[in-house]
There are 4 protein chains.
Amino acid sequence: MAKYCRMLFVWLVVFCMAPLFVEAQVRHEISFPDIPGYKTLKCDLHTHTVFSDGDVWPSVRAEEAWREGLDVVAISDHIEYQPHKEHVKHDHNASYQIAAEKARSLGVLVIKAAEITRGTPPGHYNALFLDDASELEVDAFVDAVRIANEQGHFVFWNHPLWKGIEKGRWQDIQQQLYDSGWLHGIEVANGSDYYPEVHEWCLEKNLTMVGNSDIHRPSMIEVSTADNHRPMTLVFASDVTPEAIRDALHAGRTAVWMEEKLIGKKQYIEAIFDGSVEVRPPHFRQKAGFYVHMINRSHMNIELKRMGDVGPEEIILEANATSVVQIKHPENDRPASLEYEVANFLIAPGKGLPVTLAIAGVRAGRTAVD
Amino acid sequence: MAKYCRMLFVWLVVFCMAPLFVEAQVRHEISFPDIPGYKTLKCDLHTHTVFSDGDVWPSVRAEEAWREGLDVVAISDHIEYQPHKEHVKHDHNASYQIAAEKARSLGVLVIKAAEITRGTPPGHYNALFLDDASELEVDAFVDAVRIANEQGHFVFWNHPLWKGIEKGRWQDIQQQLYDSGWLHGIEVANGSDYYPEVHEWCLEKNLTMVGNSDIHRPSMIEVSTADNHRPMTLVFASDVTPEAIRDALHAGRTAVWMEEKLIGKKQYIEAIFDGSVEVRPPHFRQKAGFYVHMINRSHMNIELKRMGDVGPEEIILEANATSVVQIKHPENDRPASLEYEVANFLIAPGKGLPVTLAIAGVRAGRTAVD
Amino acid sequence: MAKYCRMLFVWLVVFCMAPLFVEAQVRHEISFPDIPGYKTLKCDLHTHTVFSDGDVWPSVRAEEAWREGLDVVAISDHIEYQPHKEHVKHDHNASYQIAAEKARSLGVLVIKAAEITRGTPPGHYNALFLDDASELEVDAFVDAVRIANEQGHFVFWNHPLWKGIEKGRWQDIQQQLYDSGWLHGIEVANGSDYYPEVHEWCLEKNLTMVGNSDIHRPSMIEVSTADNHRPMTLVFASDVTPEAIRDALHAGRTAVWMEEKLIGKKQYIEAIFDGSVEVRPPHFRQKAGFYVHMINRSHMNIELKRMGDVGPEEIILEANATSVVQIKHPENDRPASLEYEVANFLIAPGKGLPVTLAIAGVRAGRTAVD
Amino acid sequence: MAKYCRMLFVWLVVFCMAPLFVEAQVRHEISFPDIPGYKTLKCDLHTHTVFSDGDVWPSVRAEEAWREGLDVVAISDHIEYQPHKEHVKHDHNASYQIAAEKARSLGVLVIKAAEITRGTPPGHYNALFLDDASELEVDAFVDAVRIANEQGHFVFWNHPLWKGIEKGRWQDIQQQLYDSGWLHGIEVANGSDYYPEVHEWCLEKNLTMVGNSDIHRPSMIEVSTADNHRPMTLVFASDVTPEAIRDALHAGRTAVWMEEKLIGKKQYIEAIFDGSVEVRPPHFRQKAGFYVHMINRSHMNIELKRMGDVGPEEIILEANATSVVQIKHPENDRPASLEYEVANFLIAPGKGLPVTLAIAGVRAGRTAVD
C-alpha cells in the first residue's frame, strides 16, 4: 500500500513537472551554402556523455547540436574507458538511444558511434553507424576495428598527434588498417588543434578529412573559450540520412571548419566559396577605379590576399556581412576580374584556395564606362 | 614663397594621409523581406549633423546608415536652430552635399531634407526631397511649409507629443496644413517614444506613418542604450530612387520598426510577416501532437499569442532563428492551421495582427498520419 | 591475461588523457559588497544532476557555480523522482560526493541536500546540510521532513505557487510543519518566477527568504534566456562554512537576487545598497545646480525613483558603472541630500527601499559654494 | 519685427529642446591600479575633430573619453591640414574650448593641444598644454616646435613609421630637435600599429613613451574593429591636473596600453602588475601539488610564461577575473614562489617583464603542510 502511494506520488510529480520544461528552444543556423548536387550538413562526429567520461546526459548533446545549428551529431562514448561506471550502468548503446529520442523531437540526426580507445599507438578511433556498440568491447584492438568494419561502418583515427608528433606518426598499425581498407578518415582537427601533417596524409592517401569537437563538458563551457563555434565536419550529402552521410564520408565529400579555417579538397571548399561570396556590380565608378559590394553569406570571416596586380592587398570579408571594396586601376583600363588567394580556405597545409573574382557588369579594357 | 611651401606641405600631407583611412567598412544587413511588388527599404528620415545641433560631420550619417543596414537616410538639419553657427558657416545645403558624396561610394541613398523648427504649436516638421533647403528660411511657418510643398515634396510632423499631450494635440494649424494637402505624414515613433494617439490619427486621416531616430550624437552612443537598432521607417518602394521613395511615402506604403514593435497598415505588416515566418512540415509526429520548426527570417523577435484552441498560449520566434514548437491536439484530430495574434505587429494601437499559421503538409481531420 | 592487457590499456588511456582536460578555468566574480559584520555569500540552494532529473554530471554544478561567481551550491536531487534510474544507480549521496570533490579544487562550497518531492499539496521541499540523504526515502511525507530536521537541518518549501495559486496556498500541512518548527524558509523566487504572496508570508511568519535556480540543464543553456544570471540567495554569513551558512539561514540573514530585483528584509538590502552606491562630491557646480558622479559597484542595475523635491525623477545606475547626474535646485539653495526609493530593491511586495542620498561635500542652505 | 519673432521662436526651441538631451550617461571604468605614489591616469593624447580632419564635434571627444573610462583626452587638431575649412571657420583654439566645456560637466580633463603637420620628414608632432594654438601656424617647421616649447610644453613625434621604415627612421631633424631639448616623447603605438624600433629609441634616448588613438571618426566606429579599447597612454601622475600630467610626461612616467600589450619602463609596468595580480593562499593541497586562485584586477588579459621549474608552462589570467591554477611539485617539496615572464608586458621589444609569484601562506621546503 505504501509502495502504491509512493508510486502515485511519483506519477503526480512526473505529470506535474512537465510545465517546468516548457522553455525556449532556439536554433541559430550556421550559414554555409549547399553545394551543387549536395546538401552541406554541419556534423560533429565525436562527442562524449556521462556514459563514458563526458559530463552531460546524452539528450544534452542532441539539444546542443540543434541549438548550435548542427544537423548531425555522433555520440561516440569510449568503449574501454568508463570512469563513471561506479554510478552509471555499463551499456554501450544507451547514450545513443537517449540522445536519439531527444533528437527526434528537435529534428536533428544522431549517429550511433563509439570510440575504440587504446594507448598510443594505436590510439583512439571512432566507428560510426554502429548496429551494436557492445560488440566492439573485445580484447584485441584490430578485432575491434574489424568488427566495426564488418558492421559496414566508417572508421576514422582521432587526434593522431595528441600524444606528440613522435607517438602520433603514421606507423605500422595504421598502415595495416589502411591496407585492409579498415581506416577511412582521420581527424585533421580536434578541439582547438589543427594537424597540418595529418592534412598532408589525407591528401596523399585519399583519406576522408574530418574535424570534431571531442566535447566532454557542456558545449557552452567547453567551446566558449574558442571562437564561438565548435570544430565540425561539413559533409556534402544527398540527404539527411545515415546512409547518405555514410556514402559522403566514404566518398571523401567533406570539409573541416575549425576556428577561422576551412580545410578540405579544392573542389569542395571552392564550391563553398562560390556559394558564399557575391561580388556586386560596381555601384560607383570613377576614372581610375570603382567601388563594389562584396557579400559574404557564410558563417566565416573570409581572408583574401591579392595574387594579381589589381585590388587591395588584403580583403577581409566579415561573416554574414557586406563589405565595400574600392578597386583602383590604371585610368580607363578596367579589369573584369581580380586574382586572389583565400588565405583561410586551405587546400593543403599553408596553401590557400586561388580564386578569380569576376567584377559583375564590367567588361575589361579601355572602353568607356559600361 | 613661404605660402607655396606650405601648400606643398599640405598637399604632401593630404596625399600621404590616405592610407590611414583604409579601414574595414562592414555592413550588417537588416533582414526584413521584400513584399510582393516592392522592395523593403530601411529608411531613417530624420537625422542631424554639425550643420544644425548634431554632433557629427555629415559623412558620418552616411557611413552609420550603411554600416547599420539602412538603405536610405535623410539629413534634416534644423533651418532655424543653428547652435554651432559661431563656428560652422551658415549653409542649409552643405550637410546634404557632404553626406551624399560619402554615400555614393558606399551605395546608400541620402535624401535632402530639412527640419522646419518652430515653438509648439506648430512644432517641428521635416520636409524631404528638397531642391534648395535655404528657401525654407522664411519668417512665417506656413510659408515654409508651402514652399516645401511647392518644391513638390513630402512633409511630416515630427514627434507631435514631444512637448506633452496638451501641446501636441491635433490643433488648428495641423488641420489647416492637412486641409491644404500640405501635411503628408506624422512620426508615430521618434527615438525611444511611440505615440499611440498619433498612430490613431494616421489611421483616421490616412496620413503616412513614419518613425525615425532624430539622431544627434554618434549613432552607437545614442542608440546603444535602446535595443540595438534605431527606430526606422520601412518604405515599400518600386526602386531605390528618390522618386520611387517619394511615391511610396505619398501612397502611405510604410511601416515603422521601433524597439520590439512593427507598426503599420495591416496589408504591409502582414506582408512582412508572411515573408518572414516559415512553418515547416512536422518533423516528428505522435498520436496527440507533432513538432514543427518555425523559422523567423526577420530582424525582430515575433511574439505570437494564441487566439484559437490549439497550440501553445504564447510563442516567441526569436529573430533570425529557428524555434521548435510542440503542437498538442486531440488524438488523431489534427489541425491544419493555428490561429494567433502577432502581439508586436500593431495594426492599430493595442491591436496585434491576426494570423493563421498553416501547418505545411498536414491535412486536417481524423485521418491517419499523412 | 587479456583482462590484464585491457586494464593496462585503460590505465594508459587514463594517464594520457589528463592533458586534454587542462583548460581555462575562469571565474567572474559577482560584485555584491559584504555587509557590516558578515560576508555576502552568493548561493544557489536548489540544483539537480543526472542523479535525479538533471542533465549534467554533478561536477558540472560545482564548475558552473565557480565560473559564475557563486560561493555556495546545494546539490538537491529529488529523493522520490528518479527518471534516470534505468541507467544511473540509486544513490542519494553520490551526487554530493562527486560535486564536492570537484568543488575542493575550485574553492567553492557544496552543500549536501535533497528535494523531498511529493504531489501538491504538500509539494516539494529542500532539506539542506544532510548527513545521509538516503534516510529521507520514507513513505510518509511528514516523516521525511521530521528526519531532515532531526539531522539538525534547514528545510524550505520550493516554488509554492508552481501548481497554481489555488494549490500553492498556505494550507494545513504547511501550518503543521511551521508549528512544529520544521519549516524554516520558502522560495520567494524559483527560476524565472517571483511570488509576491510568498514574499508576504515570509514577512508575516518570519520565514527565511530564499531564491534559487532549480536548474536541470547546463546552466548556460537554462539561464542564458533570462538576464545573464541565475536567481540566487545572498546569505550574510560570518564565514564560508556550512555551519556559518546554516546559522545565517536560521537567522533569516538572506536576500534574493532574481532578474532585476533584490528582495529581502530592509536591514539587509539597505546594507547592500549602502555598500554598493557611492555619491561623489560634486565635480562641477553652477548657481542652480551641480553635477555628481554616482558609482554603482554592484552587479545589478539600480533603479531610483524620486520621492522628494530635488533631483531627476528617475535615475538608473548601471551595474558596475559610473553615472553622471545633474542636480538642479533653486538658485543658491543647495540640498545636502536627495530622497529616493530604490524601485527594484523590494522590502515588501511592490514596496521599494527608501534611501537618502547624501551629497558628499555639500552643506545645505543659502551659503556660497563650499 | 520678423527678426524678433524668429529669435523668440529659436529661443523657445532651444529652451524646449533640453529634455531631449537628458539621456543615460554611463561610464565604464578601466581597471588599472594606481601605483605607489601616483594615480594611474588613462589618457589619449592624440584625437581629431571637425576642426581639422575629424568627423565629430569636439564635445563628442569629451563624452567618448568619459564613457570609455579615460581620465584625460587631448584635442590635437592639425594646424596645417584643414580639409573642412570651406564650412568650418578657421580657429585653432575652438575645438579645445568646446570639448573642455562638455568635459567639465562630466568630470574628465581635456588638454589643449595641436598637431604640427608636415610632410615626412619631419612628419607630424603633437604639442600639448598649449596656451594659444594659433601661434603654431608659422611657415618653418622648426619655428613651430620652438614656439610650442617656449610656451613651456610637451612635444612628441607621432606615428614615426607611418610613411614606412625608410622615411620614418631617426634623421637629422629629429636629432636637431632632441639636441635642442624640444622633443620629449614618441608614439610607440598609434591606432593599431606598434613600433618596436621606436620602443628601442625611447629606451636608448630616454624619451617618454606615449601611445594614442589618433582617432578621426566616432570612437565606437573606429575602435570597434580592434579589441574593444583604444590605444592609450597610462600616465602616472600625482594629481588629475594639467601640471601634474605635464610633470609626469616630462619625467617619463608612462606606459602604453595597445591591443593586448602593455609597453613601458620596467619599474612602471611592474607596479601595474603588482597592483593587478593577487595570488591567494592555496585553497586545496595534495601531496604533490596545490590549487591557488590568481586574481587579475586589471583590464588586460595577462599572459604568463614559465621561466622556472614549477607551474604550468603558460597561464592566461583573464581580465577582471579569477583563475584557478594547479601547481604540481615534487612530493612534499613545496615551492614558495614561481618564476614567470609576463609575455605581454613589454619592458623592451620582444622582452616580457620577469615576475616572481609568491605563493601566499606557503613556506618552501620539505616540511609538513603549513
# chains A, B, ... in the order shown; residues from 1 in each chain; ligands from 1
$ closest_atom_pairs --of "chain A" --to "chain B" --cutoff "10 Å" --atoms "only C-alpha atoms" --output "JSON lines"
{"residue": "A:Val22", "atom": "CA", "partner": "B:Gln326", "partner_atom": "CA", "distance": 9.6}
{"residue": "A:Ala24", "atom": "CA", "partner": "B:Ser323", "partner_atom": "CA", "distance": 7.7}
{"residue": "A:Gln25", "atom": "CA", "partner": "B:Ser323", "partner_atom": "CA", "distance": 5.8}
{"residue": "A:Val26", "atom": "CA", "partner": "B:Ser323", "partner_atom": "CA", "distance": 4.8}
{"residue": "A:Arg27", "atom": "CA", "partner": "B:Thr322", "partner_atom": "CA", "distance": 4.9}
{"residue": "A:His28", "atom": "CA", "partner": "B:Ala321", "partner_atom": "CA", "distance": 5.0}
{"residue": "A:Glu29", "atom": "CA", "partner": "B:Ala321", "partner_atom": "CA", "distance": 6.8}
{"residue": "A:Trp66", "atom": "CA", "partner": "B:Thr322", "partner_atom": "CA", "distance": 9.6}
{"residue": "A:Arg67", "atom": "CA", "partner": "B:Thr322", "partner_atom": "CA", "distance": 8.8}
{"residue": "A:Gly69", "atom": "CA", "partner": "B:Thr322", "partner_atom": "CA", "distance": 9.2}
{"residue": "A:Ala103", "atom": "CA", "partner": "B:Phe284", "partner_atom": "CA", "distance": 9.8}
{"residue": "A:Arg104", "atom": "CA", "partner": "B:Phe284", "partner_atom": "CA", "distance": 6.3}
{"residue": "A:Ser105", "atom": "CA", "partner": "B:Phe284", "partner_atom": "CA", "distance": 5.8}
{"residue": "A:Leu106", "atom": "CA", "partner": "B:Val324", "partner_atom": "CA", "distance": 6.5}
{"residue": "A:Gly107", "atom": "CA", "partner": "B:His283", "partner_atom": "CA", "distance": 6.0}
{"residue": "A:Val108", "atom": "CA", "partner": "B:His283", "partner_atom": "CA", "distance": 9.5}
{"residue": "A:Pro282", "atom": "CA", "partner": "B:Gly107", "partner_atom": "CA", "distance": 9.3}
{"residue": "A:His283", "atom": "CA", "partner": "B:Gly107", "partner_atom": "CA", "distance": 6.0}
{"residue": "A:Phe284", "atom": "CA", "partner": "B:Ser105", "partner_atom": "CA", "distance": 5.8}
{"residue": "A:Arg285", "atom": "CA", "partner": "B:Ser105", "partner_atom": "CA", "distance": 8.5}
{"residue": "A:Gln286", "atom": "CA", "partner": "B:Ser105", "partner_atom": "CA", "distance": 9.9}
{"residue": "A:Phe290", "atom": "CA", "partner": "B:Ser105", "partner_atom": "CA", "distance": 8.4}
{"residue": "A:Tyr291", "atom": "CA", "partner": "B:Ser105", "partner_atom": "CA", "distance": 6.2}
{"residue": "A:Val292", "atom": "CA", "partner": "B:Leu106", "partner_atom": "CA", "distance": 8.5}
{"residue": "A:His293", "atom": "CA", "partner": "B:Leu106", "partner_atom": "CA", "distance": 8.2}
{"residue": "A:Met294", "atom": "CA", "partner": "B:Val26", "partner_atom": "CA", "distance": 9.9}
{"residue": "A:Ile295", "atom": "CA", "partner": "B:Arg27", "partner_atom": "CA", "distance": 9.2}
{"residue": "A:Pro312", "atom": "CA", "partner": "B:Val22", "partner_atom": "CA", "distance": 9.6}
{"residue": "A:Ile315", "atom": "CA", "partner": "B:Ala24", "partner_atom": "CA", "distance": 8.7}
{"residue": "A:Ile316", "atom": "CA", "partner": "B:Ala24", "partner_atom": "CA", "distance": 7.8}
{"residue": "A:Leu317", "atom": "CA", "partner": "B:Val26", "partner_atom": "CA", "distance": 8.2}
{"residue": "A:Glu318", "atom": "CA", "partner": "B:Val26", "partner_atom": "CA", "distance": 7.2}
{"residue": "A:Ala319", "atom": "CA", "partner": "B:His28", "partner_atom": "CA", "distance": 9.4}
{"residue": "A:Asn320", "atom": "CA", "partner": "B:His28", "partner_atom": "CA", "distance": 7.3}
{"residue": "A:Ala321", "atom": "CA", "partner": "B:His28", "partner_atom": "CA", "distance": 4.9}
{"residue": "A:Thr322", "atom": "CA", "partner": "B:Arg27", "partner_atom": "CA", "distance": 4.9}
{"residue": "A:Ser323", "atom": "CA", "partner": "B:Val26", "partner_atom": "CA", "distance": 4.8}
{"residue": "A:Val324", "atom": "CA", "partner": "B:Gln25", "partner_atom": "CA", "distance": 6.1}
{"residue": "A:Val325", "atom": "CA", "partner": "B:Gln25", "partner_atom": "CA", "distance": 8.1}
{"residue": "A:Gln326", "atom": "CA", "partner": "B:Ser105", "partner_atom": "CA", "distance": 8.4}
$ write_last_selection --atoms "N, CA, C and O atoms" --output "compact mmCIF listing (two decimals), in the first residue's frame"
# COMPACT_ATOMS: atom_id res chain seq x y z
N VAL A 22 8.85 23.46 -20.29
CA VAL A 22 8.47 24.23 -21.47
C VAL A 22 9.34 25.48 -21.51
O VAL A 22 9.09 26.44 -20.80
N ALA A 24 12.18 28.05 -23.96
CA ALA A 24 12.54 28.46 -25.31
C ALA A 24 13.56 27.49 -25.87
O ALA A 24 14.56 27.18 -25.24
N GLN A 25 13.29 26.99 -27.03
CA GLN A 25 14.20 26.13 -27.76
C GLN A 25 14.54 26.88 -29.02
O GLN A 25 13.73 26.95 -29.93
N VAL A 26 15.68 27.45 -29.07
CA VAL A 26 16.03 28.28 -30.20
C VAL A 26 17.29 27.77 -30.89
O VAL A 26 18.27 27.42 -30.24
N ARG A 27 17.20 27.71 -32.19
CA ARG A 27 18.32 27.25 -33.01
C ARG A 27 18.82 28.40 -33.86
O ARG A 27 18.03 29.12 -34.48
N HIS A 28 20.14 28.58 -33.88
CA HIS A 28 20.74 29.55 -34.78
C HIS A 28 21.45 28.79 -35.89
O HIS A 28 22.39 28.05 -35.63
N GLU A 29 20.98 28.97 -37.10
CA GLU A 29 21.53 28.23 -38.22
C GLU A 29 22.97 28.65 -38.50
O GLU A 29 23.35 29.80 -38.28
N TRP A 66 21.35 20.90 -31.89
CA TRP A 66 20.25 21.60 -32.52
C TRP A 66 20.38 23.10 -32.32
O TRP A 66 20.26 23.89 -33.26
N ARG A 67 20.61 23.50 -31.08
CA ARG A 67 20.72 24.94 -30.78
C ARG A 67 21.83 25.60 -31.55
O ARG A 67 21.73 26.74 -31.97
N GLY A 69 23.02 24.89 -34.44
CA GLY A 69 22.90 24.87 -35.89
C GLY A 69 23.49 23.65 -36.56
O GLY A 69 23.62 23.61 -37.78
N ALA A 103 16.59 13.89 -30.05
CA ALA A 103 16.86 14.45 -31.37
C ALA A 103 15.63 14.38 -32.28
O ALA A 103 15.43 15.25 -33.13
N ARG A 104 14.82 13.33 -32.11
CA ARG A 104 13.63 13.21 -32.96
C ARG A 104 12.71 14.41 -32.80
O ARG A 104 12.18 14.93 -33.78
N SER A 105 12.52 14.85 -31.56
CA SER A 105 11.60 15.98 -31.36
C SER A 105 12.21 17.29 -31.87
O SER A 105 11.50 18.24 -32.18
N LEU A 106 13.52 17.33 -31.96
CA LEU A 106 14.18 18.57 -32.39
C LEU A 106 14.47 18.58 -33.89
O LEU A 106 14.71 19.63 -34.48
N GLY A 107 14.47 17.38 -34.49
CA GLY A 107 14.74 17.35 -35.93
C GLY A 107 16.22 17.39 -36.28
O GLY A 107 16.58 17.93 -37.33
N VAL A 108 17.08 16.88 -35.41
CA VAL A 108 18.48 16.67 -35.80
C VAL A 108 18.74 15.16 -35.82
O VAL A 108 17.97 14.38 -35.27
N PRO A 282 29.71 47.16 -59.84
CA PRO A 282 30.13 48.42 -59.21
C PRO A 282 28.94 49.37 -59.04
O PRO A 282 28.14 49.54 -59.95
N HIS A 283 28.86 49.97 -57.86
CA HIS A 283 27.77 50.92 -57.62
C HIS A 283 28.25 52.35 -57.78
O HIS A 283 27.45 53.28 -57.76
N PHE A 284 29.57 52.53 -57.92
CA PHE A 284 30.10 53.89 -58.10
C PHE A 284 31.40 53.78 -58.84
O PHE A 284 32.27 52.99 -58.48
N ARG A 285 31.51 54.54 -59.92
CA ARG A 285 32.69 54.44 -60.78
C ARG A 285 33.35 55.79 -60.93
O ARG A 285 32.69 56.82 -61.07
N GLN A 286 34.67 55.75 -60.94
CA GLN A 286 35.46 56.93 -61.26
C GLN A 286 36.41 56.54 -62.38
O GLN A 286 36.51 55.37 -62.75
N PHE A 290 36.70 51.87 -59.10
CA PHE A 290 35.27 51.77 -58.79
C PHE A 290 35.10 51.15 -57.42
O PHE A 290 36.06 50.69 -56.79
N TYR A 291 33.87 51.20 -56.95
CA TYR A 291 33.53 50.63 -55.65
C TYR A 291 32.57 49.47 -55.86
O TYR A 291 31.59 49.61 -56.60
N VAL A 292 32.86 48.36 -55.22
CA VAL A 292 31.93 47.22 -55.31
C VAL A 292 31.55 46.75 -53.91
O VAL A 292 32.31 46.92 -52.96
N HIS A 293 30.39 46.16 -53.82
CA HIS A 293 29.98 45.46 -52.61
C HIS A 293 30.35 44.00 -52.75
O HIS A 293 30.07 43.38 -53.79
N MET A 294 31.01 43.46 -51.73
CA MET A 294 31.26 42.02 -51.69
C MET A 294 30.48 41.48 -50.49
O MET A 294 30.66 41.95 -49.36
N ILE A 295 29.61 40.53 -50.77
CA ILE A 295 28.74 39.99 -49.73
C ILE A 295 29.23 38.60 -49.35
O ILE A 295 29.45 37.75 -50.22
N PRO A 312 42.87 45.68 -53.50
CA PRO A 312 43.60 45.86 -52.25
C PRO A 312 44.44 44.62 -51.94
O PRO A 312 44.08 43.50 -52.31
N ILE A 315 41.84 41.69 -48.30
CA ILE A 315 40.42 42.00 -48.07
C ILE A 315 39.89 41.00 -47.05
O ILE A 315 40.07 39.80 -47.21
N ILE A 316 39.28 41.51 -46.00
CA ILE A 316 38.61 40.64 -45.03
C ILE A 316 37.12 40.77 -45.25
O ILE A 316 36.56 41.86 -45.09
N LEU A 317 36.49 39.69 -45.63
CA LEU A 317 35.03 39.71 -45.78
C LEU A 317 34.43 39.14 -44.50
O LEU A 317 34.52 37.93 -44.25
N GLU A 318 33.84 40.01 -43.71
CA GLU A 318 33.30 39.55 -42.43
C GLU A 318 32.11 38.62 -42.65
O GLU A 318 31.34 38.78 -43.60
N ALA A 319 31.99 37.64 -41.77
CA ALA A 319 30.91 36.67 -41.87
C ALA A 319 29.55 37.34 -41.89
O ALA A 319 29.30 38.26 -41.11
N ASN A 320 28.67 36.86 -42.77
CA ASN A 320 27.30 37.35 -42.83
C ASN A 320 27.24 38.86 -42.88
O ASN A 320 26.43 39.49 -42.18
N ALA A 321 28.09 39.45 -43.68
CA ALA A 321 28.12 40.91 -43.78
C ALA A 321 28.50 41.31 -45.18
O ALA A 321 28.89 40.48 -46.01
N THR A 322 28.34 42.59 -45.43
CA THR A 322 28.66 43.17 -46.73
C THR A 322 29.84 44.10 -46.55
O THR A 322 29.85 44.91 -45.63
N SER A 323 30.82 43.98 -47.41
CA SER A 323 31.96 44.89 -47.38
C SER A 323 31.94 45.76 -48.63
O SER A 323 31.51 45.32 -49.69
N VAL A 324 32.42 46.99 -48.49
CA VAL A 324 32.59 47.82 -49.68
C VAL A 324 34.08 47.83 -49.98
O VAL A 324 34.90 48.01 -49.09
N VAL A 325 34.42 47.58 -51.24
CA VAL A 325 35.82 47.49 -51.62
C VAL A 325 36.06 48.46 -52.76
O VAL A 325 35.31 48.48 -53.74
N GLN A 326 37.11 49.27 -52.60
CA GLN A 326 37.49 50.19 -53.67
C GLN A 326 38.55 49.53 -54.53
O GLN A 326 39.58 49.07 -54.02
$ residues_around --residues "D:Ile98" --least-positions-apart "5" --cutoff "12 Å" --atoms "only C-alpha atoms" --output "ChimeraX atom specification"
/B:55,84,86-87 /D:49-51,56-63,75,91-93,103-105,110-112
$ residues_around --residues "A:Asp131" --least-positions-apart "3" --cutoff "10 Å" --atoms "only C-alpha atoms" --output "list in words"
Asn93, Lys112, Ala113, Leu128, Ser134, Glu135, Ala148, Gln151, Gly152 and His153 of chain A
$ atom_distance --atom1 "atom CA of D:Glu243" --atom2 "atom CA of D:Asp179"
24.2 Å
$ residues_around --residues "C:Met209" --least-positions-apart "3" --cutoff "7 Å" --atoms "only C-alpha atoms" --output "list of chain:residue names"
C:Gly185, C:Ile186, C:Glu187, C:Val188, C:Cys202, C:Thr254, C:Ala255, C:Val256, C:Gly264
$ residues_around --residues "C:Ile245" --least-positions-apart "6" --cutoff "8 Å" --atoms "only C-alpha atoms" --output "ChimeraX atom specification"
/C:235-239
$ select_by_dssp --residues "stretch 34-196 of chain C" --states "strand (DSSP E or B)" --output "PyMOL selection string"
chain C and resi 35+38-47+56+72-75+78+88+109-117+124-128+154-157+185-190+193-194
$ atom_distance --atom1 "atom CA of C:Gly252" --atom2 "atom CA of C:Leu207"
7.0 Å
$ atom_distance --atom1 "atom CA of D:Trp170" --atom2 "atom CA of D:Trp201"
8.7 Å
$ closest_residue --among "C:Ser213, C:Thr233, C:Ser276, C:Ser219" --to "C:Val72" --atoms "only C-alpha atoms"
C:Thr233
$ residues_around --residues "B:Ala343" --least-positions-apart "4" --cutoff "8 Å" --atoms "only C-alpha atoms" --output "NGL selection string"
:B and (302-305 or 351-353)
$ residues_around --residues "D:Phe156" --least-positions-apart "2" --cutoff "7 Å" --atoms "only C-alpha atoms" --output "number ranges by chain"
D: 125-127, 154, 158, 183-186
$ select_by_dssp --residues "stretch 93-305 of chain D" --states "alpha helix (DSSP H)" --output "JSON, numbers by chain"
{"D": [94, 95, 96, 97, 98, 99, 100, 101, 102, 103, 104, 105, 106, 141, 142, 143, 144, 145, 146, 147, 148, 149, 150, 172, 173, 174, 175, 176, 177, 178, 179, 196, 197, 198, 199, 200, 201, 202, 203, 204, 205, 219, 220, 221, 222, 242, 243, 244, 245, 246, 247, 248, 249, 250, 266, 267, 268, 269, 270, 271, 272, 273, 274, 275, 276]}
$ decode --residues "stretch 116-137 of chain C" --atoms "C-alpha atoms" --output "short mmCIF file (atom, residue, chain, number, x, y, z; two decimals), in the first residue's frame"
data_model
loop_
_atom_site.label_atom_id
_atom_site.label_comp_id
_atom_site.auth_asym_id
_atom_site.auth_seq_id
_atom_site.Cartn_x
_atom_site.Cartn_y
_atom_site.Cartn_z
CA ILE C 116 11.56 15.82 -0.80
CA THR C 117 9.24 15.54 -3.76
CA ARG C 118 5.53 14.91 -3.34
CA GLY C 119 2.35 15.84 -5.17
CA THR C 120 0.74 19.21 -4.39
CA PRO C 121 -0.08 19.66 -1.60
CA PRO C 122 2.25 19.31 0.16
CA GLY C 123 4.62 19.90 -2.81
CA HIS C 124 8.39 19.95 -2.85
CA TYR C 125 10.79 20.78 -0.02
CA ASN C 126 14.54 21.13 0.07
CA ALA C 127 16.46 19.85 3.07
CA LEU C 128 19.97 21.24 3.43
CA PHE C 129 23.05 20.16 5.40
CA LEU C 130 22.14 16.48 5.32
CA ASP C 131 24.29 13.73 6.78
CA ASP C 132 22.72 10.86 4.88
CA ALA C 133 20.20 11.76 2.22
CA SER C 134 19.07 8.16 1.85
CA GLU C 135 17.31 8.32 5.22
CA LEU C 136 14.78 10.71 3.69
CA GLU C 137 13.47 7.94 1.47
#
